[in-house]
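Shown next: my_file_21.txt, given as compact mmCIF, C-alpha atoms and all ligand atoms.
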# COMPACT_ATOMS: atom_id res chain seq x y z
CA MET A 1 0.00 0.00 0.00
CA LEU A 2 1.44 3.35 -1.02
CA PRO A 3 1.62 6.19 1.54
CA SER A 4 -1.50 8.34 1.65
CA ILE A 5 0.12 11.29 -0.16
CA PHE A 6 -0.02 9.17 -3.35
CA HIS A 7 -3.67 8.09 -3.00
CA LYS A 8 -5.51 10.99 -4.62
CA ALA A 9 -2.85 11.34 -7.29
CA ALA A 10 -3.23 7.63 -8.02
CA ASN A 11 -6.83 8.39 -9.01
CA ILE A 12 -5.55 10.86 -11.61
CA ILE A 13 -3.24 8.19 -13.00
CA SER A 14 -6.13 5.68 -13.16
CA ILE A 15 -8.37 8.15 -14.97
CA ILE A 16 -5.63 8.89 -17.51
CA GLU A 17 -5.15 5.14 -18.00
CA GLU A 18 -8.89 4.65 -18.54
CA HIS A 19 -8.47 7.00 -21.49
CA HIS A 20 -5.79 4.70 -22.89
CA TYR A 21 -2.77 6.81 -22.07
CA GLU A 22 -0.01 6.03 -19.59
CA ALA A 23 0.84 7.93 -16.44
CA TYR A 24 3.39 7.43 -13.68
CA PHE A 25 4.67 9.03 -10.54
CA VAL A 26 8.13 10.45 -11.27
CA GLY A 27 10.98 12.48 -9.81
CA GLY A 28 11.54 13.37 -6.18
CA CYS A 29 8.43 11.65 -4.80
CA VAL A 30 9.47 8.22 -6.09
CA ARG A 31 13.06 8.73 -4.93
CA ASP A 32 12.01 9.85 -1.46
CA TYR A 33 9.46 7.02 -1.17
CA ILE A 34 12.14 4.42 -1.96
CA ILE A 35 14.60 6.04 0.44
CA GLY A 36 11.92 6.30 3.12
CA ARG A 37 12.09 10.07 3.46
CA PRO A 38 9.07 12.36 3.83
CA ILE A 39 7.46 13.13 0.48
CA HIS A 40 6.51 16.76 -0.03
CA ASP A 41 4.94 16.84 -3.46
CA VAL A 42 3.87 14.34 -6.03
CA ASP A 43 4.65 14.75 -9.74
CA ILE A 44 2.98 12.82 -12.51
CA ALA A 45 4.34 12.20 -16.01
CA SER A 46 2.04 11.06 -18.78
CA SER A 47 2.12 9.95 -22.41
CA ALA A 48 -0.94 12.16 -22.99
CA PHE A 49 -0.22 15.55 -24.54
CA PRO A 50 -1.41 18.65 -22.67
CA SER A 51 -4.41 19.03 -25.00
CA GLU A 52 -5.32 15.40 -24.33
CA ILE A 53 -5.16 15.94 -20.57
CA GLN A 54 -7.37 19.00 -21.06
CA ALA A 55 -9.89 16.81 -22.87
CA ILE A 56 -9.94 14.27 -20.00
CA PHE A 57 -10.35 16.52 -16.97
CA PRO A 58 -12.88 19.33 -16.66
CA LYS A 59 -10.52 21.66 -14.83
CA VAL A 60 -6.99 21.99 -16.18
CA ILE A 61 -4.76 25.02 -15.69
CA PRO A 62 -2.16 25.41 -18.46
CA VAL A 63 0.73 26.63 -16.27
CA GLY A 64 3.61 25.69 -18.55
CA ILE A 65 1.92 24.20 -21.51
CA GLU A 66 4.82 24.82 -23.90
CA HIS A 67 6.98 22.61 -21.63
CA GLY A 68 4.19 20.09 -21.33
CA THR A 69 3.11 20.93 -17.79
CA VAL A 70 -0.48 21.45 -16.74
CA ILE A 71 -2.19 21.47 -13.37
CA VAL A 72 -5.15 19.16 -13.01
CA ARG A 73 -7.67 20.28 -10.39
CA TYR A 74 -9.23 17.23 -8.82
CA GLU A 75 -11.40 17.15 -5.70
CA GLN A 76 -10.23 20.63 -4.62
CA GLU A 77 -6.56 19.71 -5.00
CA SER A 78 -3.93 20.50 -7.63
CA PHE A 79 -1.74 17.93 -9.36
CA GLU A 80 1.05 18.70 -11.78
CA VAL A 81 0.97 16.50 -14.85
CA THR A 82 3.81 16.76 -17.37
CA THR A 83 3.86 15.12 -20.76
CA TYR A 84 6.77 12.75 -21.42
CA ARG A 85 9.37 14.82 -23.15
CA THR A 86 12.92 15.02 -24.33
CA GLU A 87 14.72 18.32 -24.04
CA GLY A 88 17.06 20.09 -26.40
CA THR A 89 20.10 21.90 -25.04
CA TYR A 90 19.85 24.84 -22.70
CA THR A 91 21.71 27.38 -24.85
CA ASP A 92 20.95 30.15 -22.39
CA HIS A 93 21.56 27.80 -19.42
CA ARG A 94 18.15 28.77 -18.08
CA ARG A 95 15.58 26.66 -19.86
CA PRO A 96 15.63 24.21 -22.75
CA ASP A 97 15.47 25.76 -26.20
CA GLU A 98 12.81 23.29 -27.18
CA VAL A 99 11.06 20.27 -25.79
CA HIS A 100 9.71 17.36 -27.77
CA PHE A 101 6.79 15.41 -26.49
CA VAL A 102 7.27 11.66 -26.71
CA ARG A 103 5.06 8.66 -25.97
CA ASP A 104 7.71 6.45 -24.35
CA ILE A 105 8.37 6.89 -20.62
CA LYS A 106 11.91 5.57 -21.03
CA GLU A 107 12.74 8.50 -23.32
CA ASP A 108 11.48 10.85 -20.61
CA LEU A 109 13.46 9.16 -17.85
CA LYS A 110 16.60 9.26 -19.99
CA ARG A 111 16.74 13.07 -20.04
CA ARG A 112 16.61 13.36 -16.25
CA ASP A 113 19.58 14.28 -14.09
CA PHE A 114 20.42 11.43 -11.72
CA THR A 115 19.52 7.74 -11.74
CA MET A 116 17.69 8.08 -8.42
CA ASN A 117 15.53 10.79 -10.01
CA ALA A 118 14.83 8.73 -13.12
CA ILE A 119 12.56 6.08 -11.61
CA ALA A 120 8.86 5.88 -12.49
CA MET A 121 6.19 4.21 -10.38
CA ASP A 122 2.66 3.30 -11.39
CA ALA A 123 -0.52 3.74 -9.36
CA ASN A 124 -0.03 0.35 -7.70
CA GLY A 125 3.53 1.01 -6.65
CA LYS A 126 5.12 -1.02 -9.44
CA VAL A 127 8.47 0.49 -10.32
CA LEU A 128 10.09 1.16 -13.69
CA ASP A 129 13.80 1.70 -13.23
CA PRO A 130 15.73 1.41 -16.49
CA PHE A 131 18.88 3.19 -15.24
CA GLY A 132 19.51 1.39 -11.97
CA GLY A 133 18.24 4.13 -9.69
CA ARG A 134 17.35 1.72 -6.89
CA GLU A 135 20.78 0.16 -6.98
CA ASP A 136 22.38 3.60 -6.66
CA ILE A 137 20.04 4.48 -3.81
CA ALA A 138 21.01 1.25 -2.05
CA GLY A 139 24.69 2.06 -2.65
CA ARG A 140 24.05 5.68 -1.53
CA ARG A 141 25.41 6.99 -4.83
CA ILE A 142 24.63 10.04 -6.92
CA GLN A 143 25.19 9.19 -10.54
CA THR A 144 23.96 10.85 -13.71
CA VAL A 145 21.77 9.12 -16.25
CA GLY A 146 24.09 8.41 -19.20
CA ASP A 147 27.01 10.70 -19.97
CA ALA A 148 27.65 13.03 -17.05
CA ALA A 149 29.15 15.91 -19.03
CA ASP A 150 26.17 15.85 -21.41
CA ARG A 151 23.75 16.08 -18.48
CA PHE A 152 25.65 19.02 -16.95
CA LYS A 153 26.00 20.82 -20.28
CA GLU A 154 22.24 20.54 -20.74
CA ASP A 155 21.72 22.18 -17.38
CA ALA A 156 24.61 23.23 -15.14
CA LEU A 157 22.26 23.62 -12.20
CA ARG A 158 22.56 19.86 -11.93
CA ILE A 159 26.10 20.35 -10.62
CA ILE A 160 24.68 22.23 -7.66
CA ARG A 161 21.83 19.73 -7.39
CA ALA A 162 24.37 16.92 -7.01
CA LEU A 163 25.86 18.83 -4.07
CA ARG A 164 22.40 19.49 -2.67
CA PHE A 165 21.40 15.82 -2.80
CA SER A 166 24.68 14.85 -1.21
CA SER A 167 23.96 17.35 1.56
CA GLN A 168 20.37 16.16 2.07
CA LEU A 169 20.98 12.43 1.77
CA GLY A 170 24.63 11.96 2.72
CA PHE A 171 25.19 10.09 -0.56
CA SER A 172 28.56 10.01 -2.32
CA ILE A 173 29.02 11.27 -5.85
CA GLU A 174 30.08 8.63 -8.36
CA VAL A 175 33.53 9.26 -9.80
CA ASN A 176 32.62 9.99 -13.45
CA THR A 177 29.82 12.27 -12.30
CA LYS A 178 32.28 14.03 -10.03
CA GLU A 179 34.85 14.53 -12.77
CA ALA A 180 32.23 16.00 -15.07
CA MET A 181 31.08 18.34 -12.30
CA LYS A 182 34.63 19.64 -12.19
CA SER A 183 35.13 19.92 -15.95
CA CYS A 184 31.75 21.63 -16.47
CA ARG A 185 31.89 23.87 -13.41
CA ALA A 186 32.41 27.14 -15.32
CA LEU A 187 28.91 26.75 -16.76
CA ILE A 188 27.51 27.51 -13.29
CA ASP A 189 28.38 31.18 -13.90
CA LYS A 190 25.87 31.31 -16.73
CA LEU A 191 22.90 30.17 -14.68
CA ALA A 192 20.11 32.49 -13.68
CA VAL A 193 21.15 33.19 -10.12
CA GLU A 194 17.63 32.72 -8.72
CA ARG A 195 17.82 29.03 -9.66
CA LEU A 196 21.13 28.76 -7.82
CA THR A 197 19.60 30.40 -4.76
CA VAL A 198 16.84 27.81 -4.50
CA GLU A 199 19.41 25.02 -4.54
CA LEU A 200 21.77 26.85 -2.18
CA GLU A 201 19.05 27.09 0.43
CA LYS A 202 18.41 23.34 0.25
CA LEU A 203 22.16 22.70 0.23
CA CYS A 204 22.71 24.69 3.42
CA ALA A 205 19.77 22.95 5.11
CA GLY A 206 20.98 19.41 4.46
CA ALA A 207 21.96 17.28 7.44
CA TYR A 208 25.15 16.26 5.60
CA PHE A 209 26.14 19.77 4.53
CA SER A 210 29.76 19.21 5.58
CA LYS A 211 29.98 16.32 3.11
CA ALA A 212 28.82 18.63 0.32
CA VAL A 213 31.36 21.23 1.43
CA GLU A 214 34.10 18.62 1.03
CA TYR A 215 33.01 18.19 -2.59
CA ILE A 216 32.87 21.95 -3.05
CA PHE A 217 36.54 22.11 -2.09
CA GLU A 218 37.64 18.92 -3.81
CA LEU A 219 36.13 20.08 -7.11
CA GLU A 220 36.93 23.76 -6.52
CA LEU A 221 33.33 24.70 -7.07
CA TYR A 222 33.43 27.63 -4.66
CA HIS A 223 34.93 29.74 -7.47
CA HIS A 224 31.45 29.64 -8.99
CA LEU A 225 29.40 30.42 -5.92
CA PRO A 226 28.71 34.14 -5.55
CA ILE A 227 29.97 35.53 -2.20
CA PHE A 228 31.64 32.28 -1.17
CA LYS A 229 34.18 32.64 -3.94
CA ASP A 230 35.53 35.59 -1.94
CA THR A 231 35.42 33.86 1.41
CA PRO A 232 35.40 30.10 0.78
CA LEU A 233 36.64 29.03 4.20
CA LEU A 234 33.44 30.31 5.80
CA LEU A 235 31.63 27.41 4.12
CA LYS A 236 33.50 25.04 6.39
CA GLU A 237 32.16 26.80 9.46
CA ILE A 238 28.50 26.74 8.52
CA GLU A 239 26.27 24.21 10.27
CA PRO A 240 23.08 23.12 8.52
CA VAL A 241 20.21 25.61 8.87
CA ALA A 242 16.82 25.84 7.18
CA SER A 243 17.07 29.38 5.79
CA LEU A 244 19.62 31.54 4.02
CA ALA A 245 18.85 34.47 6.35
CA PRO A 246 21.02 33.16 9.23
CA VAL A 247 23.67 32.00 6.74
CA PHE A 248 23.99 35.49 5.30
CA ALA A 249 23.88 37.07 8.74
CA PHE A 250 26.71 34.75 9.71
CA VAL A 251 28.70 35.83 6.65
CA GLU A 252 28.33 39.50 7.64
CA LEU A 253 29.42 38.86 11.21
CA ASN A 254 32.36 36.68 10.26
CA SER A 255 33.86 38.26 7.18
CA GLU A 256 35.95 41.37 6.82
CA SER A 257 33.82 43.36 4.48
CA ILE A 258 30.91 41.34 3.11
CA THR A 259 27.48 42.36 4.39
CA ALA A 260 24.26 40.36 4.51
CA ALA A 261 22.92 42.90 2.03
CA ASP A 262 25.75 41.99 -0.38
CA CYS A 263 24.69 38.34 -0.08
CA THR A 264 20.99 38.92 -0.61
CA LYS A 265 21.81 41.14 -3.58
CA ALA A 266 24.21 38.63 -5.14
CA TYR A 267 21.61 35.86 -4.79
CA LYS A 268 18.66 38.12 -5.74
CA CYS A 269 16.75 37.12 -2.63
CA SER A 270 13.24 38.26 -1.76
CA ASN A 271 12.75 41.40 0.29
CA GLN A 272 11.50 39.20 3.10
CA LEU A 273 14.76 37.26 3.27
CA LYS A 274 16.72 40.49 3.02
CA GLN A 275 14.83 41.86 5.98
CA GLN A 276 15.20 38.67 8.01
CA ALA A 277 18.97 38.62 7.49
CA ASN A 278 19.22 42.27 8.58
CA THR A 279 17.02 41.67 11.60
CA LEU A 280 19.33 38.87 12.69
CA VAL A 281 22.46 40.98 12.29
CA ASP A 282 20.87 43.87 14.24
CA ALA A 283 19.67 41.47 16.92
CA TYR A 284 23.16 40.06 17.28
CA HIS A 285 24.67 43.51 17.82
CA ARG A 286 21.98 44.48 20.32
CA TYR A 287 22.51 41.19 22.14
CA LYS A 288 26.25 41.90 22.41
CA GLU A 289 25.48 45.28 23.92
CA ASN A 290 22.61 44.54 26.29
CA GLY A 291 22.09 40.79 26.42
CA ILE A 292 18.64 39.29 26.17
CA ASP A 293 16.14 41.49 27.96
CA ALA A 294 12.44 42.23 27.60
CA TRP A 295 12.94 44.78 24.82
CA PHE A 296 15.12 42.33 22.90
CA VAL A 297 12.61 39.46 23.08
CA TYR A 298 9.75 41.80 22.24
CA GLN A 299 11.51 43.01 19.10
CA LEU A 300 12.74 39.70 17.71
CA PRO A 301 9.95 37.88 15.87
CA ARG A 302 9.22 34.40 17.26
CA LYS A 303 10.11 32.84 13.88
CA GLN A 304 13.64 34.22 14.19
CA TRP A 305 14.45 32.89 17.64
CA ASP A 306 15.92 29.63 16.43
CA PHE A 307 17.93 31.40 13.77
CA PHE A 308 19.23 33.93 16.28
CA ILE A 309 20.29 31.13 18.62
CA TYR A 310 21.97 29.45 15.65
CA LEU A 311 23.79 32.66 14.80
CA VAL A 312 25.16 33.09 18.32
CA LYS A 313 26.19 29.44 18.45
CA GLN A 314 27.96 29.76 15.11
CA THR A 315 29.62 33.07 15.84
CA ASP A 316 30.43 32.88 19.56
CA LYS A 317 30.25 29.09 20.15
CA LYS A 318 27.74 29.95 22.84
CA ILE A 319 24.50 28.08 23.38
CA ILE A 320 21.40 30.04 24.36
CA ASP A 321 18.49 28.04 25.76
CA ILE A 322 15.28 28.95 23.94
CA GLU A 323 13.53 28.78 27.34
CA VAL A 324 15.18 32.12 28.12
CA PHE A 325 13.07 33.64 25.36
CA TYR A 326 9.87 31.92 26.43
CA SER A 327 10.14 32.90 30.06
CA ILE A 328 10.83 36.57 29.21
CA ARG A 329 8.02 36.61 26.68
CA LYS A 330 5.56 35.21 29.20
CA LYS A 331 6.13 38.27 31.38
CA LEU A 332 5.90 40.87 28.61
CA PRO A 333 3.11 43.40 29.29
CA ILE A 334 2.29 43.56 25.57
CA LEU A 335 3.29 41.45 22.57
CA SER A 336 2.79 44.05 19.85
CA LYS A 337 2.13 47.72 19.30
CA LYS A 338 -1.49 46.92 18.57
CA GLU A 339 -1.95 46.10 22.24
CA LEU A 340 -0.99 49.60 23.39
CA CYS A 341 -4.04 51.21 24.93
CA VAL A 342 -3.30 54.54 23.26
CA ASN A 343 -2.96 55.40 19.59
CA GLY A 344 -2.15 58.35 17.37
CA TYR A 345 -5.65 59.80 17.75
CA ASP A 346 -5.29 59.92 21.53
CA LEU A 347 -2.04 61.84 21.17
CA MET A 348 -3.63 64.30 18.77
CA LYS A 349 -6.50 64.80 21.19
CA TRP A 350 -4.10 65.43 24.06
CA PHE A 351 -2.05 67.90 22.04
CA PRO A 352 -4.67 69.61 19.87
CA GLU A 353 -2.40 72.56 19.17
CA ARG A 354 0.22 70.40 17.43
CA PRO A 355 0.00 69.69 13.73
CA LYS A 356 0.15 66.04 12.66
CA GLY A 357 3.71 64.87 12.08
CA LYS A 358 6.58 62.57 12.86
CA TRP A 359 6.26 63.30 16.57
CA ILE A 360 3.23 61.00 16.82
CA LYS A 361 5.14 57.90 15.77
CA GLN A 362 8.15 58.90 17.83
CA GLN A 363 5.97 59.33 20.87
CA LEU A 364 4.19 56.01 20.36
CA ASP A 365 7.58 54.31 20.02
CA ALA A 366 8.72 55.89 23.28
CA ILE A 367 5.53 54.79 25.05
CA GLU A 368 5.92 51.29 23.65
CA TYR A 369 9.45 51.09 25.01
CA GLN A 370 8.39 52.32 28.46
CA ILE A 371 5.61 49.75 28.63
CA VAL A 372 7.56 46.77 27.31
CA THR A 373 10.36 47.47 29.79
CA SER A 374 7.76 47.75 32.59
CA LYS A 375 8.62 51.37 33.37
CA LEU A 376 5.05 52.38 32.64
CA ALA A 377 1.70 50.58 32.93
CA ASN A 378 -0.37 50.06 29.81
CA GLU A 379 -3.24 52.22 31.08
CA LYS A 380 -4.54 55.29 29.35
CA SER A 381 -4.51 57.54 32.42
CA LYS A 382 -0.99 56.47 33.41
CA ILE A 383 0.27 57.07 29.91
CA LYS A 384 -1.38 60.47 29.84
CA ASP A 385 0.33 61.38 33.11
CA TRP A 386 3.68 60.12 31.87
CA ILE A 387 3.44 62.12 28.71
CA GLN A 388 2.92 65.40 30.61
CA TRP A 389 6.38 64.88 32.07
CA ASN A 390 7.92 63.64 28.83
CA LEU A 391 6.59 66.12 26.38
CA PRO A 392 7.22 65.17 22.79
CA VAL A 393 9.68 67.35 20.92
CA GLN A 394 8.23 69.50 18.20
CA ASP A 395 8.86 68.36 14.61
N1 LIG B 401 17.85 20.36 -13.51
C1 LIG B 401 16.98 19.37 -13.37
C2 LIG B 401 15.90 19.50 -12.51
C3 LIG B 401 15.00 18.46 -12.39
N2 LIG B 401 15.16 17.33 -13.13
C4 LIG B 401 14.20 16.22 -13.04
O1 LIG B 401 12.94 16.72 -12.59
C5 LIG B 401 12.55 16.10 -11.36
C6 LIG B 401 11.82 17.10 -10.47
O2 LIG B 401 12.64 18.21 -10.20
P1 LIG B 401 12.63 19.02 -8.82
O3 LIG B 401 11.28 19.05 -8.26
O4 LIG B 401 13.38 20.29 -9.08
O5 LIG B 401 13.60 18.16 -7.88
P2 LIG B 401 13.31 16.87 -7.08
O6 LIG B 401 14.26 15.80 -7.55
O7 LIG B 401 11.86 16.52 -7.16
O8 LIG B 401 13.71 17.26 -5.62
P3 LIG B 401 12.77 17.91 -4.47
O9 LIG B 401 12.31 16.73 -3.69
O10 LIG B 401 13.68 18.78 -3.70
O11 LIG B 401 11.67 18.63 -5.16
C7 LIG B 401 13.86 15.56 -10.79
O12 LIG B 401 13.64 14.48 -9.90
C8 LIG B 401 14.59 15.13 -12.05
O13 LIG B 401 14.07 13.91 -12.53
C9 LIG B 401 16.25 17.21 -13.98
O14 LIG B 401 16.41 16.17 -14.62
N3 LIG B 401 17.14 18.24 -14.10
MG MG B 402 10.20 17.92 -6.72
Conversion result in structure tokens:
Amino acid sequence: MLPSIFHKAANIISIIEEHHYEAYFVGGCVRDYIIGRPIHDVDIASSAFPSEIQAIFPKVIPVGIEHGTVIVRYEQESFEVTTYRTEGTYTDHRRPDEVHFVRDIKEDLKRRDFTMNAIAMDANGKVLDPFGGREDIAGRRIQTVGDAADRFKEDALRIIRALRFSSQLGFSIEVNTKEAMKSCRALIDKLAVERLTVELEKLCAGAYFSKAVEYIFELELYHHLPIFKDTPLLLKEIEPVASLAPVFAFVELNSESITAADCTKAYKCSNQLKQQANTLVDAYHRYKENGIDAWFVYQLPRKQWDFFIYLVKQTDKKIIDIEVFYSIRKKLPILSKKELCVNGYDLMKWFPERPKGKWIKQQLDAIEYQIVTSKLANEKSKIKDWIQWNLPVQD
């Protein structure tokens, strides 16, 4: 019996089969199922062309129809179905110049990156494994399908993917695959950096990151990793962590002149990640100055606590117990500005002669600080009294 994550998708496969086409589970879900790792999403490959899938299911979203990918909506859920295809070369090292739809699953599996990722499984769990993927999984080996240099020239991101899988799974890289990673490494520079970033985040999160770092040095791949090419030894100090924000904060705190902002710019990260990295760096400096007090815990978002603790462990070799955060937080008078019992309108009412301006925010910030640090009670009358003695400066 397949794990439940496959059940609904198996219905899609059965429906496609009823229409006399083939369909299989492919890619990461089959690999992770065989390894016994958690499966996060299920991909389906089919001999049916996108238009044929559209004719079978009432609700199909053509997300990447030119590459053969559609989303089938089925019982309120989405399933990605991709037509069997072969790919031409990636002249721009971003996406294939052309894809050809084919009717033979083996042709589709042949264009995939590693043997463990080139296994198909039908709705009953029967496996199709023409390139020895299961044997490589059993031997804990990462090996390309067919000629390694060809696979990497088609898409150099696969070089980083090999590292990422090694980091996640602890597998070794087969020798021919490894040599081709080295000989093709300059192609990494041509990749769209956003694709690299996605893999870098998974790479840094892998439990066996240090194993991947050994490959990065053995094959001299760091020359092709933005930021780390300038400070490669830092890679050896990084412990696995689930986000690039603490990694980039660590780089800022432990390199001569590289800032977290340089990192997020080089890897074209989202504004959210940029902000998180900066928050962590600021938090670290405040922690060095004042330690962990009420104001500190109040300001650091709960989601960042683990990353902050990681950063201090990495940078100072010091372990902070997360309980410190919880016990301080429990005693905080408020958890956010919204809980203040005064707002800008109150201030304007109390100082009717003052025009609106920056002073309102400044004053609310000052009140917030007084309350969080228990110097002032969160009561309107008390705040009003306090403010008489701490008159806001004029803009
Ligand atoms: N550069 C790439 C990217 C992907 N693939 C193929 O497409 C599948 C799905 O790709 P993706 O979802 O990016 O990776 P997964 O292997 O599924 O890994 P994850 O579990 O992290 O999603 C891979 O298994 C592999 O067969 C490939 O051949 N070459
Ligand atoms: Mg996947």
Write as a compact mmCIF listing (two decimals) with C-alpha atoms, in the coordinates of the input the residues around ligand LIG 401 (chain B), taking 6 Å as the cut-off and counting only C-alpha atoms and all ligand atoms.
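The result, written out as selection.txt:
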# COMPACT_ATOMS: atom_id res chain seq x y z
CA GLY A 27 10.98 12.48 -9.81
CA GLY A 28 11.54 13.37 -6.18
CA ARG A 112 16.61 13.36 -16.25
CA ASP A 113 19.58 14.28 -14.09
CA ASN A 117 15.53 10.79 -10.01
CA ALA A 118 14.83 8.73 -13.12
CA ASP A 155 21.72 22.18 -17.38
CA LEU A 157 22.26 23.62 -12.20
CA ARG A 158 22.56 19.86 -11.93
Hey, can you check how far atom CA of A:Glu199 sits from atom CA of A:Leu244?
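Atom CA of A:Leu244 lies 10.8 Å from atom CA of A:Glu199.
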What does the distance between atom CA of A:Pro130 and atom CA of A:Ser14 come to in Å, to one decimal place?
22.5 Å
Quick one: of A:Ala48, A:Arg85, A:Phe131, A:Asp147, who's nearest to A:Glu98, counting only C-alpha atoms?
A:Arg85
Interface rows for chain A against ligand MG 402 (chain B): nearest pair, Å to one decimal, 12 Å, all atoms listed in the file, as CSV:
residue,atom,partner,partner_atom,distance
A:Phe25,CA,B:MG402,MG,11.1
A:Val26,CA,B:MG402,MG,9.0
A:Gly27,CA,B:MG402,MG,6.3
A:Gly28,CA,B:MG402,MG,4.8
A:Cys29,CA,B:MG402,MG,6.8
A:Val30,CA,B:MG402,MG,9.7
A:Arg31,CA,B:MG402,MG,9.8
A:Asp32,CA,B:MG402,MG,9.8
A:Pro38,CA,B:MG402,MG,12.0
A:Ile39,CA,B:MG402,MG,9.1
A:His40,CA,B:MG402,MG,7.7
A:Asp41,CA,B:MG402,MG,6.3
A:Val42,CA,B:MG402,MG,7.3
A:Asp43,CA,B:MG402,MG,7.1
A:Ile44,CA,B:MG402,MG,10.6
A:Glu80,CA,B:MG402,MG,10.5
A:Asn117,CA,B:MG402,MG,9.5
A:Arg161,CA,B:MG402,MG,11.8
A:Glu199,CA,B:MG402,MG,11.8
Would you kindly place N, CA and C atoms on stretch 276-290 of chain A and return the model as an mmCIF file, in the coordinates of the input?
data_model
loop_
_atom_site.group_PDB
_atom_site.id
_atom_site.type_symbol
_atom_site.label_atom_id
_atom_site.label_comp_id
_atom_site.auth_asym_id
_atom_site.auth_seq_id
_atom_site.Cartn_x
_atom_site.Cartn_y
_atom_site.Cartn_z
ATOM 1 N N GLN A 276 14.912 39.638 6.946
ATOM 2 C CA GLN A 276 15.200 38.670 8.010
ATOM 3 C C GLN A 276 16.693 38.628 8.320
ATOM 4 N N ALA A 277 17.524 38.656 7.271
ATOM 5 C CA ALA A 277 18.970 38.620 7.490
ATOM 6 C C ALA A 277 19.410 39.865 8.262
ATOM 7 N N ASN A 278 18.858 41.028 7.873
ATOM 8 C CA ASN A 278 19.220 42.270 8.580
ATOM 9 C C ASN A 278 18.749 42.259 10.017
ATOM 10 N N THR A 279 17.546 41.755 10.234
ATOM 11 C CA THR A 279 17.020 41.670 11.600
ATOM 12 C C THR A 279 17.969 40.846 12.470
ATOM 13 N N LEU A 280 18.445 39.746 11.918
ATOM 14 C CA LEU A 280 19.330 38.870 12.690
ATOM 15 C C LEU A 280 20.657 39.560 13.024
ATOM 16 N N VAL A 281 21.203 40.275 12.042
ATOM 17 C CA VAL A 281 22.460 40.980 12.290
ATOM 18 C C VAL A 281 22.251 42.058 13.372
ATOM 19 N N ASP A 282 21.167 42.826 13.229
ATOM 20 C CA ASP A 282 20.870 43.870 14.240
ATOM 21 C C ASP A 282 20.681 43.234 15.604
ATOM 22 N N ALA A 283 19.935 42.132 15.640
ATOM 23 C CA ALA A 283 19.670 41.470 16.920
ATOM 24 C C ALA A 283 20.988 41.034 17.560
ATOM 25 N N TYR A 284 21.876 40.521 16.735
ATOM 26 C CA TYR A 284 23.160 40.060 17.280
ATOM 27 C C TYR A 284 23.913 41.233 17.936
ATOM 28 N N HIS A 285 23.948 42.366 17.256
ATOM 29 C CA HIS A 285 24.670 43.510 17.820
ATOM 30 C C HIS A 285 24.013 44.008 19.108
ATOM 31 N N ARG A 286 22.675 44.043 19.109
ATOM 32 C CA ARG A 286 21.980 44.480 20.320
ATOM 33 C C ARG A 286 22.222 43.509 21.468
ATOM 34 N N TYR A 287 22.251 42.229 21.126
ATOM 35 C CA TYR A 287 22.510 41.190 22.140
ATOM 36 C C TYR A 287 23.899 41.375 22.741
ATOM 37 N N LYS A 288 24.881 41.708 21.905
ATOM 38 C CA LYS A 288 26.250 41.900 22.410
ATOM 39 C C LYS A 288 26.310 43.097 23.354
ATOM 40 N N GLU A 289 25.471 44.083 23.098
ATOM 41 C CA GLU A 289 25.480 45.280 23.920
ATOM 42 C C GLU A 289 24.715 45.121 25.227
ATOM 43 N N ASN A 290 23.505 44.563 25.110
ATOM 44 C CA ASN A 290 22.610 44.540 26.290
ATOM 45 C C ASN A 290 22.175 43.161 26.745
#
